[in-house]
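Peer 1: Have a look at the structure that comes next, please.
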Amino acid sequence: MKLHRLAVSGFGPYAEREEVDFDLLGADGLFLLHGDTGAGKTTLLDAVAFALFGKVPGARGDVKRLRCDYASPDTPTFVELELTVRGRRFLVRRSPEYDRPKRRGGGVTRQQAQASLTWLAGWEGEGHTRIDDVAREVDALLGMTADQFFQVVLLPQGEFARFLRAETAEREKLLEKLFGTERFLDVEKWFREHRRERRQEVERLGLETRDLVQRVAEAAAEEPPAVADHEWLSSLLKRLDEDAREAGRRAGEVLARRDEAERAWQDARARDERVRRVREARRALDRYAEVEPDLRAWAAERDAARQAAVVVPAQAAAERLEAALGTAGARERAAADAVAALGYDGTDLRGDAERLREESGALTGLAAEALKQDDDRRRVAHLEQSITTATRDLAALVTQLDEVPARLAAHRSAVEEATLAAARLTRVAGLAAAAAELPRVEADFAAADEARRDAVDGHQRARDALLRVRQERLEGMAVELAGELRDGEACPVCGSAEHPAPARPAPGTVTAADEEAAAAGEQRAADRRSRAERAAQELGARLAHLREQLGENSPDELEREHRAVSALAGRLEQRQAALAELERQVADAQDRRVRLERDLERAGAQRDELVAAVAEREARLERARGDFPDVVARRAHLSDLADALTDLHARRVAVAEHEERLAEQRVEVSRLAAGAGFADVAEALAAARPDHVVTALEARVRDAEQTRAAAEGTLVELADVDPGTEVDVAGAEARFREATEVATRASGARDEAGRRAARAADLGGQLRAAWARAEPVQAAFDELDALTDVINGRGQNNRSMTLRTYVLAARLEEVAVAASARLERMSQGRYRFVHSVEAGPRGTRGGLGLDVLDDYSGLQRPAKTLSGGESFLASLALALGLSDVVAAGAVLDTLFIDEGFGTLDAETLELVMTTLDELRAGGRVVGLVSHVDELRQRIPTRLRVRKARAGSKLELTA
């Protein structure tokens with residue numbers, strides 16, 4: 001993969017379009033990317049990743065906010081990357097999803113994400129315009145995922161520095177992130193979850209079998225055994241079956257004895273019942289002999305009542321007709337009084353009623369007009385009042401509208417003044433804030449510049465001390481070498497095994513520890529100098545920007561102007577609301593004026609029309625009312641008199657009809673009494689009885705006759721029974737009850753034994769089935785449990801390594817081998833990596849140990865003991881080793897290496913640069929991201945990112 005050109009627009013800190021020519025940058029194989037902190041160096045690397053994969057690495061990708069906040073609304077946000085992969089040159093263009101201001105009005109518009117791929121050389125095709133198609137094409141060409149690309153092309157130096165110093169648990173997390181072993185974690189999780197599910201199933205089956213054992217024991221009425229098996233179950237079922245058969249035999253014997261006692265009891269009851277019936281029959285005949293004289297009187301009374309029954313209803317009808325005649329007479333008299341009260345003195349009731357009703361009908365129309373006349377008079381009065389009120393309101397409204405133009409002009413002038421103030425507020429506020437910040441920035445810059453000078457002087461002193469210590473150590477190297485000589489071992493200088501006159505140490509001899517301490521001090525001083533220079537540079541840039549922004553403006557004048565403008569701008573909404581309210585009130589008043597004028601005109605016309613109609617109708621009504629107050633009163637009188645005459649005529653006809661019907665009914669009552677055999681009506685009524693009395697008499701006669709007949713029949717039927725015989729029914733019943741209780745207990749014992757045996761047999765079958773289901777499940781779980789322990793680093797796994805750790809250990813071993821080759825060259829053969837699979841202390845899992853072997857001492861020590869510069873070398877070697885392992889043969893023509901070069905001394909930096917020269921051999925391009933000044937002198941091709949308030953800019957030096 002070789003990069004040719006990168007273009008960004010509205011992306012990150014780049015407000016406008018910026019381009020990077022990688023062909024020009026990589027002409028020498030090595031270039032430097034540098035600039036101020038926060039200028040946007042890393043954003044260029046993010047842009048490469050976004051163009052290829054549609055996302056950026058690290059935490060920046062989680063925010064998903066890629067558009068420049070201060071880009072112009074018309075500036076689009078996109079990234080273009082031109083590159084060659086596997087001989088195919090193509091252009092990828094991507095735009096993220098972002099919100100841009102609307103071109104018209106307020107608010108924002110959501111710009112959707114877009115992507116396109118265009119072939120330039122080495123391949124013929126139409127390219128792609130869909131995001132999914134572009135992603136698939138890029139993945140196929142690169143042969144790497146986005147995470148792998150971030151690891152091997154954008155070398156994550158900081159992660160590997162942490163990796164060197166990490167404990168086993170933290171190192172495992174970093175390796176998972178670098179190698180993406182989530183699928184092995186999923187395998188471990190799957191086994192644990194599968195084991196948990198199978199364990200739940202085993203526990204469920206075990207609970208089921210234990211529950212069945214408990215239920216079988218309960219059915220057998222005994223305690224469950226500690227360990228239940230098939231032998232226990234078989235013996236238990238056999239014993240219960242034998243108990244059931246014995247209980248059945250005993251129940252049969254007892255039931256036979258109960259049946260014999262029951263037959264004896266029933267026989268005694270039958271004999272006792274026959275004696276009782278004979279005794280009762282004789283008592284009944286005695287009672288009949290006593291009441292026989294009364295029976296004839298009851299029968300005569302019953303017969304007379306039946307004959308008089310036809311006279312009673314006829315007499316009742318006659319009495320009802322007599323009462324109705326009285327009521328009709330009273331109503332006739334009341335109707336006559338009503339007619340007299342209305343002043344009538346005629347005789348032809350029906351004729352006069354019809355004449356009066358016709359006269360009343362003729363007045364119906366005039367009565368309706370009389371009612372309407374009253375309504376119209378009230379409407380005229382209401383219209384007069386409405387016209388007076390509307391005229392007064394219209395005059396007041398016209399006066400108010402005459403004052404409106406002046407008020408509108410005043411409100412509009414106030415709104416315009418506040419609008420201008422709001423437009424100036426942002427600029428004035430910014431100037432006021434800058435004026436307030438200027439004294440503090442000036443003081444901070446003076447202090448930072450003084451600290452920078454002190455840091456430069458301190459670094460120079462530390463560097464001089466380091467050079468002096470190294471020189472003194474070189475001068476005393478003979479003493480250091482002599483200290484390592486051993487009798488019989490060859491001298492590393494001359495090769496002789498004899499050492500006749502080794503150098504002796506003098507007081508104050510410099511050792512390697514002294515040199516390391518001086519180097520560490522020089523490094524600390526260099527770090528302080530770098531921090532001080534960056535701080536002074538940033539404050540200087542900020543100070544220049546503030547002075548340029550303020551110009552000749554006075555801080556006091558800016559503060560006064562800011563307060564005045566803020567006060568006016570703060571009243572903008574209030575004034576706009578007041579103007580809008582006044583305009584609304586004016587519009588409402590004008591609408592109301594139009595309505596009032598229209599209503600006045602309509603009310604006047606209606607009033608004039610009603611006044612004319614009322615005058616014309618009044619003349620006609622005056623002629624029609626006669627001697628009455630009005631037409632309605634006269635019509636009501638005529639109608640009432642006609643109704644009264646009609647009612648009186650009807651009442652007189654009803655009285656005549658009732659008198660005729662009463663006479664006819666009295667003749668019918670006399671005829672019915674004579675037909676029933678009575679001398680007169682009075683005798684018939686005296687013989688009459690109510691229905692319930694007749695029914696009671698009939699029942700007495702019938703019951704007496706039936707009792708006599710039944711008693712005589714019983715005595716004939718039971719002629720052989722002596723009424724004096726005594727039968728012991730209670731004793732027979734007591735013996736039967738006793739036998740029944742014994743039989744009930746025996747039957748209950750038999751049924752209980754049978755149910756217990758059947759229940760135990762049914763549960764025993766279920767228990768055997770549960771054992772059959774549980775045995776293979778338990779065997780499978782035991783095998784899964786052992787395998788899960790092995791995969792998770794327990795049980796028979798003697799290395800205590802999980803599957804994921806095992807995979808990570810294998811990958812770490814590959815990285816360590818590849819990284820050791822580079823580390824040995826960069827450390828001049830002193831260091832190489834050592835990978836260990838041994839378990840750590842206190843049960844820490846093994847497989848992820850990574851130490852360094854120091855050739856100077858021949859000892860293996862933790863990587864965290866390396867100095868700052870050595871740690872950078874080790875992390876760079878690890879990063880390059882990872883690049884070799886993950887790339888796995890893929891041709892990577894472009895690499896980027898992040899910060900860390902400031903920790904190296906000149907000699908070590910030279911070794912690192914030699915290693916980087918090896919990387920760029922064969923056309924490979926290496927980009928370094930660093931703040932180190934010395935690299936600017938060593939690398940002539942540089943890309944500088946300049947930071948500004950309007951957006952970062954790129955500056956190429958080639």
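To be explicit about the labels: the chains of the structure tokens are called A, B, and onward in the order shown, and within each one the residues are counted from 1, while ligands get numbers from 1 in the order they are shown.
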Considering only C-alpha atoms, return as a ChimeraX atom specification whatever protein or nucleic-acid residues lie within 10 Å of Ala15 (chain A), sequence-local ones (same chain, fewer than 4 positions apart) excluded.
Peer 2: /A:8-11,67-72,75-77,949-953
Peer 1: Write out as a JSON list (two decimals) with C-alpha atoms, in the first residue's frame each polymer residue whose atoms come within 12 Å of Ala297 (chain A), counting only C-alpha atoms; drop sequence neighbours fewer than 6 positions from it.
Peer 2:
```
[["chain", "number", "residue", "atom", "x", "y", "z"],
["A", 291, "VAL", "CA", -116.77, -37.03, 64.65],
["A", 303, "ASP", "CA", -124.14, -28.05, 49.53],
["A", 304, "ALA", "CA", -126.11, -24.83, 50.35],
["A", 697, "LEU", "CA", -115.67, -28.15, 54.60],
["A", 698, "GLU", "CA", -115.01, -30.38, 51.61],
["A", 700, "ARG", "CA", -113.00, -32.28, 56.43],
["A", 701, "VAL", "CA", -115.58, -34.59, 54.92]]
```
Peer 1: In terms of the shortest atom-to-atom distance over only C-alpha atoms, which of A:Lys864, A:Arg463, A:Arg392, A:Arg470 is closest to Ala526 (chain A)?
Peer 2: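 Closest to Ala526 (chain A), using only C-alpha atoms: A:Arg463.
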Peer 1: From the list A:His649, A:Arg473, A:Arg86, A:Arg427, which residue is nearest His562 (chain A) when using only C-alpha atoms?
Peer 2: A:Arg427
Peer 1: Calculate how many Å separate CA of His658 (chain A) from CA of Gly326 (chain A), rounding to one decimal.
Peer 2: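 Those two atoms sit 9.1 Å apart.
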